[in-house]
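With CSV, C-alpha atoms and all ligand atoms inside, this is work_19.csv:
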chain,number,residue,atom,x,y,z
A,916,MET,CA,-6.8,0.3,23.8
A,917,LYS,CA,-3.2,1.5,23.3
A,918,VAL,CA,-2.1,1.6,19.7
A,919,ALA,CA,1.3,2.4,18.0
A,920,PHE,CA,1.6,3.4,14.4
A,921,ILE,CA,4.9,3.3,12.5
A,922,GLY,CA,5.3,4.7,9.0
A,923,LEU,CA,3.6,8.0,8.2
A,924,GLY,CA,3.6,8.2,4.4
A,925,THR,CA,0.8,8.8,1.9
A,926,MET,CA,-1.2,6.0,3.6
A,927,GLY,CA,0.1,6.1,7.1
A,928,ILE,CA,-0.9,9.7,8.0
A,929,PRO,CA,-4.6,9.4,7.1
A,930,MET,CA,-4.8,5.9,8.6
A,931,ALA,CA,-3.3,7.2,11.9
A,932,LEU,CA,-5.7,10.2,11.9
A,933,ASN,CA,-8.7,7.8,11.5
A,934,ILE,CA,-7.5,5.8,14.5
A,935,LEU,CA,-7.4,9.0,16.6
A,936,ASN,CA,-10.8,10.0,15.3
A,937,ALA,CA,-12.1,6.6,16.6
A,938,GLY,CA,-11.1,7.7,20.1
A,939,LEU,CA,-8.2,5.3,20.5
A,940,GLU,CA,-5.0,6.1,22.3
A,941,LEU,CA,-2.2,6.5,19.7
A,942,THR,CA,1.6,6.8,19.7
A,943,VAL,CA,3.3,7.5,16.3
A,944,HIS,CA,6.8,7.2,14.9
A,945,ASN,CA,8.2,8.0,11.5
A,946,ARG,CA,11.8,7.8,10.3
A,947,THR,CA,11.6,11.4,9.0
A,948,ARG,CA,10.4,12.8,12.4
A,949,ASP,CA,8.7,16.0,11.1
A,950,LYS,CA,5.9,13.9,9.5
A,951,GLU,CA,4.8,13.0,13.1
A,952,GLU,CA,3.6,16.6,13.5
A,953,ILE,CA,0.2,16.2,11.7
A,954,PRO,CA,-1.0,13.2,13.9
A,955,ALA,CA,0.7,14.9,17.0
A,956,LYS,CA,-1.5,18.0,16.5
A,957,ALA,CA,-4.5,15.7,16.3
A,958,GLY,CA,-3.6,14.2,19.7
A,959,ALA,CA,-1.0,11.4,19.1
A,960,LEU,CA,2.0,10.9,21.3
A,961,GLN,CA,5.4,10.8,19.5
A,962,ALA,CA,8.1,8.1,20.0
A,963,GLY,CA,11.8,8.3,19.0
A,964,SER,CA,12.0,4.9,17.5
A,965,PRO,CA,9.9,1.8,16.5
A,966,GLN,CA,11.1,0.2,19.8
A,967,GLU,CA,9.9,3.1,21.9
A,968,ALA,CA,6.6,3.2,20.0
A,969,ALA,CA,6.0,-0.5,20.6
A,970,ALA,CA,6.8,-0.3,24.3
A,971,GLY,CA,3.5,-0.2,26.2
A,972,ALA,CA,1.3,-0.7,23.1
A,973,GLU,CA,-1.2,-3.5,22.8
A,974,ILE,CA,-1.4,-3.2,19.0
A,975,ILE,CA,1.5,-2.1,16.9
A,976,ILE,CA,0.8,-1.1,13.3
A,977,THR,CA,3.5,-0.9,10.6
A,978,CYS,CA,2.9,0.7,7.2
A,979,VAL,CA,6.2,1.3,5.4
A,980,SER,CA,7.4,0.7,1.8
A,981,ASP,CA,9.0,-2.6,1.1
A,982,THR,CA,10.0,-6.0,2.6
A,983,PRO,CA,13.5,-4.8,3.8
A,984,ASP,CA,11.8,-1.7,5.4
A,985,VAL,CA,9.4,-3.8,7.4
A,986,GLU,CA,12.3,-6.0,8.4
A,987,ALA,CA,14.2,-2.9,9.6
A,988,VAL,CA,11.3,-1.4,11.6
A,989,ILE,CA,10.3,-4.7,13.2
A,990,LEU,CA,13.6,-6.7,13.5
A,991,GLY,CA,16.3,-3.9,13.3
A,992,GLU,CA,18.5,-2.4,15.9
A,993,ASP,CA,15.8,-0.2,17.5
A,994,GLY,CA,13.0,-2.2,16.0
A,995,VAL,CA,9.6,-3.2,17.4
A,996,ILE,CA,10.8,-6.6,18.5
A,997,HIS,CA,13.0,-5.0,21.2
A,998,GLY,CA,10.1,-3.0,22.7
A,999,ALA,CA,7.0,-5.1,22.2
A,1000,ARG,CA,5.7,-6.9,25.2
A,1001,ALA,CA,4.5,-10.6,25.1
A,1002,GLY,CA,0.9,-10.8,24.2
A,1003,SER,CA,0.9,-7.6,22.0
A,1004,ILE,CA,0.0,-7.9,18.3
A,1005,VAL,CA,1.9,-6.5,15.4
A,1006,VAL,CA,-0.3,-5.7,12.4
A,1007,ASP,CA,1.8,-5.1,9.2
A,1008,MET,CA,-0.3,-3.1,6.8
A,1009,SER,CA,2.5,-2.6,4.2
A,1010,THR,CA,2.5,-4.6,1.0
A,1011,ILE,CA,5.4,-7.1,1.2
A,1012,SER,CA,6.5,-10.6,0.5
A,1013,PRO,CA,4.4,-13.4,2.0
A,1014,SER,CA,7.4,-15.6,2.8
A,1015,ALA,CA,9.3,-12.8,4.5
A,1016,THR,CA,6.1,-12.1,6.5
A,1017,ARG,CA,6.1,-15.7,7.8
A,1018,ILE,CA,9.7,-15.4,8.9
A,1019,ILE,CA,9.1,-12.1,10.7
A,1020,ALA,CA,6.0,-13.6,12.4
A,1021,GLU,CA,8.1,-16.6,13.6
A,1022,LYS,CA,10.8,-14.3,15.1
A,1023,LEU,CA,8.2,-12.2,16.9
A,1024,GLY,CA,6.5,-15.4,18.0
A,1025,LYS,CA,9.6,-16.5,19.9
A,1026,LYS,CA,9.2,-13.4,22.0
A,1027,GLY,CA,5.5,-14.1,22.6
A,1028,VAL,CA,4.5,-11.3,20.2
A,1029,LYS,CA,1.7,-12.2,17.7
A,1030,MET,CA,1.5,-11.0,14.1
A,1031,LEU,CA,-1.2,-10.4,11.5
A,1032,ASP,CA,-0.5,-9.4,7.9
A,1033,ALA,CA,-3.1,-6.9,6.8
A,1034,PRO,CA,-2.3,-5.1,3.5
A,1035,VAL,CA,-4.8,-2.7,2.2
A,1036,SER,CA,-6.5,-1.6,-1.1
A,1037,GLY,CA,-8.4,1.5,-1.8
A,1038,GLY,CA,-5.7,4.1,-2.5
A,1039,SER,CA,-4.9,7.3,-0.7
A,1040,GLU,CA,-8.6,8.2,-1.0
A,1041,GLY,CA,-9.7,5.0,0.8
A,1042,ALA,CA,-7.1,5.8,3.5
A,1043,GLN,CA,-8.5,9.3,4.0
A,1044,LYS,CA,-12.2,8.2,4.0
A,1045,GLY,CA,-11.5,5.1,6.2
A,1046,THR,CA,-13.0,2.9,3.5
A,1047,LEU,CA,-10.0,0.6,2.8
A,1048,SER,CA,-10.4,-3.1,2.0
A,1049,ILE,CA,-8.1,-4.9,4.5
A,1050,MET,CA,-7.0,-8.4,3.7
A,1051,VAL,CA,-5.9,-10.2,6.8
A,1052,GLY,CA,-3.7,-13.3,7.4
A,1053,GLY,CA,-3.2,-14.8,10.8
A,1054,GLU,CA,-5.2,-16.2,13.7
A,1055,ALA,CA,-8.9,-15.4,14.1
A,1056,ASP,CA,-8.5,-14.6,17.8
A,1057,ASP,CA,-5.9,-11.9,17.1
A,1058,LEU,CA,-8.0,-10.4,14.3
A,1059,GLU,CA,-10.9,-10.2,16.8
A,1060,LYS,CA,-8.7,-8.3,19.2
A,1061,VAL,CA,-7.5,-5.7,16.6
A,1062,GLY,CA,-11.0,-5.4,15.1
A,1063,PRO,CA,-11.8,-1.9,16.5
A,1064,VAL,CA,-8.5,-0.5,15.2
A,1065,LEU,CA,-9.0,-2.0,11.7
A,1066,ARG,CA,-12.6,-0.8,11.5
A,1067,ALA,CA,-11.3,2.7,12.1
A,1068,MET,CA,-9.4,2.5,8.9
A,1069,GLY,CA,-11.4,0.2,6.7
A,1070,GLU,CA,-14.8,-0.8,5.6
A,1071,THR,CA,-14.2,-4.3,4.4
A,1072,ILE,CA,-12.1,-6.5,6.6
A,1073,THR,CA,-11.6,-10.1,5.2
A,1074,HIS,CA,-9.9,-12.9,7.1
A,1075,VAL,CA,-8.4,-14.7,4.1
A,1076,GLY,CA,-6.3,-17.4,5.9
A,1077,PRO,CA,-3.1,-18.0,8.0
A,1078,ILE,CA,-0.2,-15.6,8.3
A,1079,GLY,CA,1.0,-14.6,4.8
A,1080,ALA,CA,-2.4,-15.1,3.2
A,1081,GLY,CA,-3.2,-11.4,3.4
A,1082,GLN,CA,0.0,-10.6,1.3
A,1083,LEU,CA,-0.9,-13.4,-1.2
A,1084,THR,CA,-4.3,-11.8,-1.6
A,1085,LYS,CA,-2.8,-8.4,-2.0
A,1086,ALA,CA,-0.5,-9.8,-4.8
A,1087,ILE,CA,-3.6,-10.9,-6.7
A,1088,ASN,CA,-5.1,-7.5,-6.1
A,1089,GLN,CA,-2.0,-5.7,-7.6
A,1090,ILE,CA,-2.0,-8.0,-10.7
A,1091,VAL,CA,-5.6,-7.0,-11.3
A,1092,VAL,CA,-5.0,-3.3,-10.5
A,1093,GLY,CA,-2.0,-3.1,-12.8
A,1094,GLY,CA,-3.9,-4.6,-15.8
A,1095,THR,CA,-6.8,-2.3,-15.2
A,1096,TYR,CA,-4.7,0.9,-15.1
A,1097,TRP,CA,-3.0,-0.3,-18.3
A,1098,SER,CA,-6.2,-1.0,-20.2
A,1099,VAL,CA,-7.7,2.3,-19.0
A,1100,ALA,CA,-4.6,4.1,-20.3
A,1101,GLU,CA,-4.9,2.4,-23.7
A,1102,GLY,CA,-8.5,3.4,-24.0
A,1103,VAL,CA,-8.0,6.9,-22.8
A,1104,ILE,CA,-5.0,7.7,-25.0
A,1105,LEU,CA,-6.9,6.2,-28.1
A,1106,GLY,CA,-9.7,8.7,-27.3
A,1107,VAL,CA,-7.4,11.6,-26.8
A,1108,LYS,CA,-5.5,11.0,-30.1
A,1109,ALA,CA,-8.8,10.5,-31.9
A,1110,GLY,CA,-9.9,14.0,-30.6
A,1111,LEU,CA,-13.0,12.8,-28.8
A,1112,ASP,CA,-14.7,14.8,-26.0
A,1113,MET,CA,-13.2,12.7,-23.2
A,1114,GLU,CA,-15.7,14.0,-20.6
A,1115,LYS,CA,-18.5,12.4,-22.7
A,1116,VAL,CA,-16.5,9.3,-23.4
A,1117,LEU,CA,-15.8,8.7,-19.7
A,1118,GLN,CA,-19.5,9.4,-18.8
A,1119,ALA,CA,-20.6,6.7,-21.3
A,1120,VAL,CA,-17.8,4.1,-20.6
A,1121,GLY,CA,-17.8,4.7,-16.8
A,1122,SER,CA,-21.5,3.9,-16.7
A,1123,GLY,CA,-21.2,0.4,-18.3
A,1124,ALA,CA,-19.3,-2.8,-18.0
A,1125,ALA,CA,-15.9,-1.1,-18.4
A,1126,SER,CA,-16.2,1.0,-15.3
A,1127,SER,CA,-13.4,0.6,-12.7
A,1128,TRP,CA,-11.7,2.4,-9.9
A,1129,PRO,CA,-8.8,3.6,-12.1
A,1130,LEU,CA,-11.2,4.7,-14.9
A,1131,ILE,CA,-13.3,6.8,-12.4
A,1132,ASN,CA,-10.4,8.1,-10.3
A,1133,ARG,CA,-7.3,8.2,-12.5
A,1134,SER,CA,-8.3,8.7,-16.2
A,1135,GLY,CA,-8.3,12.5,-15.6
A,1136,ASN,CA,-4.5,12.3,-14.8
A,1137,MET,CA,-4.0,10.4,-18.1
A,1138,ILE,CA,-5.9,13.0,-20.1
A,1139,LYS,CA,-4.0,15.9,-18.5
A,1140,ASN,CA,-0.7,14.0,-18.7
A,1141,ASP,CA,-0.1,14.9,-15.0
A,1142,TYR,CA,0.3,12.3,-12.4
A,1143,PRO,CA,0.1,13.6,-8.8
A,1144,LEU,CA,0.0,11.0,-5.9
A,1145,GLY,CA,-1.7,8.6,-5.5
A,1146,PHE,CA,0.2,5.4,-5.5
A,1147,LYS,CA,3.9,5.6,-6.5
A,1148,VAL,CA,5.0,3.7,-9.7
A,1149,LYS,CA,8.0,2.3,-7.7
A,1150,LEU,CA,5.6,0.8,-5.2
A,1151,HIS,CA,3.5,-0.9,-7.8
A,1152,ARG,CA,6.7,-2.3,-9.5
A,1153,LYS,CA,7.6,-3.7,-6.0
A,1154,ASP,CA,4.2,-5.3,-5.8
A,1155,LEU,CA,4.4,-6.9,-9.3
A,1156,ASN,CA,7.8,-8.3,-8.4
A,1157,ILE,CA,6.2,-9.9,-5.3
A,1158,ALA,CA,3.5,-11.4,-7.5
A,1159,LEU,CA,6.0,-12.6,-10.1
A,1160,GLU,CA,8.2,-14.2,-7.4
A,1161,ILE,CA,5.2,-16.1,-6.0
A,1162,ALA,CA,4.2,-17.1,-9.6
A,1163,ARG,CA,7.7,-18.5,-10.3
A,1164,GLU,CA,7.7,-20.4,-7.1
A,1165,ILE,CA,4.4,-22.2,-7.7
A,1166,GLY,CA,4.6,-22.3,-11.5
A,1167,VAL,CA,2.0,-19.8,-12.8
A,1168,THR,CA,2.5,-17.6,-15.8
A,1169,LEU,CA,1.7,-13.9,-15.5
A,1170,PRO,CA,2.4,-12.5,-18.9
A,1171,LEU,CA,0.7,-9.1,-18.5
A,1172,ALA,CA,2.2,-8.6,-15.0
A,1173,ALA,CA,5.7,-9.3,-16.4
A,1174,TYR,CA,5.2,-6.9,-19.3
A,1175,LEU,CA,3.9,-4.1,-16.9
A,1176,GLU,CA,6.9,-4.7,-14.6
A,1177,GLN,CA,9.1,-3.8,-17.6
A,1178,VAL,CA,7.0,-0.7,-18.5
A,1179,GLU,CA,7.3,0.5,-14.9
A,1180,THR,CA,11.1,-0.2,-15.0
A,1181,GLY,CA,11.3,2.1,-18.0
A,1182,LEU,CA,9.2,4.8,-16.3
A,1183,ILE,CA,11.5,4.6,-13.2
A,1184,ALA,CA,14.6,4.8,-15.5
A,1185,ARG,CA,13.1,8.0,-17.0
A,1186,GLY,CA,12.7,9.6,-13.6
A,1187,HIS,CA,9.0,8.9,-12.9
A,1188,LYS,CA,9.3,6.6,-9.9
A,1189,ASP,CA,7.4,8.9,-7.5
A,1190,GLU,CA,4.5,9.7,-9.9
A,1191,ASP,CA,1.1,8.1,-9.5
A,1192,LEU,CA,0.7,4.7,-11.2
A,1193,SER,CA,-1.6,6.3,-13.8
A,1194,ALA,CA,1.8,7.5,-15.3
A,1195,VAL,CA,1.8,4.1,-17.2
A,1196,ALA,CA,-0.2,6.2,-19.8
A,1197,ARG,CA,3.1,8.0,-20.5
A,1198,SER,CA,4.4,4.9,-22.1
A,1199,ILE,CA,1.4,4.7,-24.5
A,1200,ARG,CA,1.5,8.4,-25.2
A,1201,GLU,CA,5.1,8.3,-26.1
A,1202,GLN,CA,4.7,5.2,-28.4
A,1203,SER,CA,1.8,6.9,-30.0
A,1204,GLY,CA,3.7,10.1,-30.9
A,1205,LEU,CA,1.6,12.3,-28.5
A,1206,ASP,CA,4.6,13.6,-26.5
B,1301,LIG,P1,5.1,6.3,1.0
B,1301,LIG,O1,4.3,7.5,0.9
B,1301,LIG,O2,6.3,6.2,0.1
B,1301,LIG,O3,5.6,6.2,2.6
B,1301,LIG,C1,6.5,5.2,3.0
B,1301,LIG,C2,6.7,5.2,4.5
B,1301,LIG,O4,7.6,4.2,4.9
B,1301,LIG,C3,7.3,6.5,5.0
B,1301,LIG,O5,6.7,6.8,6.2
B,1301,LIG,C4,8.8,6.2,5.1
B,1301,LIG,O6,9.5,7.0,6.0
B,1301,LIG,C5,8.6,4.8,5.6
B,1301,LIG,N1,9.9,4.0,5.4
B,1301,LIG,C6,10.3,3.5,4.2
B,1301,LIG,N2,11.4,2.8,4.4
B,1301,LIG,C7,11.7,2.8,5.7
B,1301,LIG,C8,12.7,2.3,6.5
B,1301,LIG,N3,13.7,1.5,6.0
B,1301,LIG,N4,12.7,2.5,7.8
B,1301,LIG,C9,11.7,3.2,8.4
B,1301,LIG,N5,10.7,3.8,7.7
B,1301,LIG,C10,10.7,3.6,6.4
B,1301,LIG,O7,4.3,5.0,0.8
B,1301,LIG,P2,2.7,4.7,1.0
B,1301,LIG,O8,2.1,5.1,-0.3
B,1301,LIG,O9,2.3,5.3,2.3
B,1301,LIG,O10,2.7,3.1,1.1
B,1301,LIG,C11,3.0,2.4,2.3
B,1301,LIG,C12,2.7,0.9,2.1
B,1301,LIG,O11,1.3,0.8,1.8
B,1301,LIG,C13,3.5,0.3,0.9
B,1301,LIG,O12,3.8,-1.0,1.2
B,1301,LIG,C14,2.5,0.4,-0.3
B,1301,LIG,O13,2.8,-0.6,-1.2
B,1301,LIG,C15,1.2,0.2,0.5
B,1301,LIG,N6,0.0,0.7,-0.2
B,1301,LIG,C16,0.0,2.0,-0.7
B,1301,LIG,C17,-1.2,2.5,-1.4
B,1301,LIG,C18,-1.2,3.9,-2.0
B,1301,LIG,O14,-2.2,4.2,-2.7
B,1301,LIG,N7,-0.3,4.8,-1.7
B,1301,LIG,C19,-2.3,1.7,-1.4
B,1301,LIG,C20,-2.3,0.5,-0.8
B,1301,LIG,C21,-1.1,0.0,-0.2
B,1301,LIG,P3,10.1,8.4,5.6
B,1301,LIG,O15,9.0,9.4,5.7
B,1301,LIG,O16,11.2,8.6,6.5
B,1301,LIG,O17,10.6,8.2,4.2

Encoded form (structure tokens):
Amino acid sequence: MKVAFIGLGTMGIPMALNILNAGLELTVHNRTRDKEEIPAKAGALQAGSPQEAAAGAEIIITCVSDTPDVEAVILGEDGVIHGARAGSIVVDMSTISPSATRIIAEKLGKKGVKMLDAPVSGGSEGAQKGTLSIMVGGEADDLEKVGPVLRAMGETITHVGPIGAGQLTKAINQIVVGGTYWSVAEGVILGVKAGLDMEKVLQAVGSGAASSWPLINRSGNMIKNDYPLGFKVKLHRKDLNIALEIAREIGVTLPLAAYLEQVETGLIARGHKDEDLSAVARSIREQSGLD
């Protein structure tokens, strides 16, 4: 099975490596070409553009930052659409707008190219371990064809509905994730300022009903006040804006998501856009006179 992978960032590199480890034939492309070296050393071929990567591939995966970036790599001048052959399947694993996803799928469809939206959850750790949760929108037949590739990257693959449904599900995921990071930050900073032994606190709290992925994996960042990647603050704000746009369209209120979007806007304005999302604790630390 010939696979192309476009977008070798925090997530893309380990995901591409897992595809290679599963014994599949892989061609990679990244805008900043030197990032192709890691998968190339592990056996991937390199392509000079998304168009070139897509030519000859049966499955074309994209994992880039935001909606305009997916539009650029798929529909742009040297985009996937100009190289992909009829019958091939584009699998977009970025987190982007569901409505833009449907438009991209329609344009690909006119060339006989199929599309699935397959955003992921599980963080950079999940990408490295191949344990991502993958939320898929599109046709069941297409999902069956790409199954071996998705199983190389993820543990839980859920077909949630038609094209765009994966992105809608991911928006829900990001609302929940954001609120969880925020409440972990509130609890952790309270403990730090109260002078508690946080190792003991986390052992107790992490073994009960308050346990969560951010509590286990990111509370250490909040205690140290150091936020290595991870998942960039600017990417989570992008995701909250997707959720808020959907909510406005269908008439749902998301008060915490709206508040967090403002917190993250403040973090970005203060130069923290590329820090891990656990940097939301900065906001609570500052307001609590800790920094
Ligand atoms: P990242 O480290 O910032 O990497 C972004 C990637 O997209 C890079 O390869 C970048 O290329 C490429 N890119 C961005 N704009 C582009 C454009 N206009 N044309 C071509 N390439 C472009 O991001 P990431 O953390 O890997 O995230 C990728 C996607 O997965 C995002 O949608 C994110 O929301 C989602 N996601 C991330 C996580 C996480 O924990 N990090 C978890 C789940 C989902 P360059 O190298 O040239 O900049």

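For Val1120 in chain A, the non-local neighbours within 12 Å, defined as residues at least 4 positions apart in the same chain or in other chains and counting all atoms listed in the file, are Val1099, Gly1102, Val1103, Gly1106, Met1113, Glu1114, Lys1115, Val1116, Ala1124, Ala1125, Ser1126, Ser1127, Leu1130, Ile1131 and Ser1134 of chain A.
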
Provide the atom O7 of ligand LIG 1301 (chain B) to CA of Glu1160 in chain A distance in Å, to one decimal place.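 Going from atom O7 of ligand LIG 1301 (chain B) over to CA of Glu1160 in chain A, I get 21.2 Å.
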
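Minimum atom-to-atom distance to Val1051 in chain A, evaluated using only C-alpha atoms, belongs to A:Leu1083 out of A:Leu1023, A:Ala1173, A:Ala972, A:Leu1083.
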
Show me the residues around (10.9, -10.0, 20.7) - criterion: an atom at most 6 Å away, all atoms listed in the file counted - as a list in words.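 Residues satisfying the cut-off, written out: Ile996, His997, Leu1023 and Lys1026 of chain A.
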
Between A:Gly1052, A:Gly994, A:Gly1027, A:Pro1063, which is the closest to Lys917 in chain A once you count all atoms listed in the file?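 Residue with the minimum atom-to-atom distance to Lys917 in chain A: A:Pro1063.
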
Could you give me, as a PyMOL selection string, every polymer residue with an atom at most 7 Å away from an atom of ligand LIG 1301 (chain B), counting all atoms listed in the file? chain A and resi 922-927+945-947+950+978-981+983-985+987-988+1008-1011+1034-1039+1145-1147+1150-1151+1154

Atom-to-atom span, CA of Gly1041 in chain A and CA of Val1028 in chain A, Å: 29.0 Å

Here is a test: counting all atoms listed in the file, which residue of A:Asp1032, A:Glu1101, A:Asp993, A:Glu1164 is nearest to Val1195 in chain A?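 Selected residue with least distance to Val1195 in chain A: A:Glu1101.
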
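Of the residues under consideration (A:Gly963, A:Leu1169, A:Pro1143, A:Leu1117), A:Leu1169 shows the shortest atom-to-atom contact distance to Val1091 in chain A when counting all atoms listed in the file.
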
Measuring between all atoms listed in the file, which one of A:Leu1175, A:Arg1200, A:Gly1002, A:Asp1057 shows the shortest distance to Lys1139 in chain A?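 The answer is A:Arg1200, which sits nearest to Lys1139 in chain A.
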
What is the CA of Pro1077 in chain A-CA of Gly1094 in chain A distance in Å, reported with one decimal?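 Value for the CA of Pro1077 in chain A-CA of Gly1094 in chain A distance: 27.3 Å.
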
I'd like to know which of A:Asp1206, A:Val1148, A:Gly1069, A:Arg1017 is closest to Gly1186 in chain A, using all atoms listed in the file. A:Val1148

Near Ala957 in chain A, within 10 Å and counting only C-alpha atoms, which residues show up once chain neighbours fewer than 4 positions away are dropped, as JSON, numbers by chain? {"A": [931, 932, 935, 936, 952, 953]}
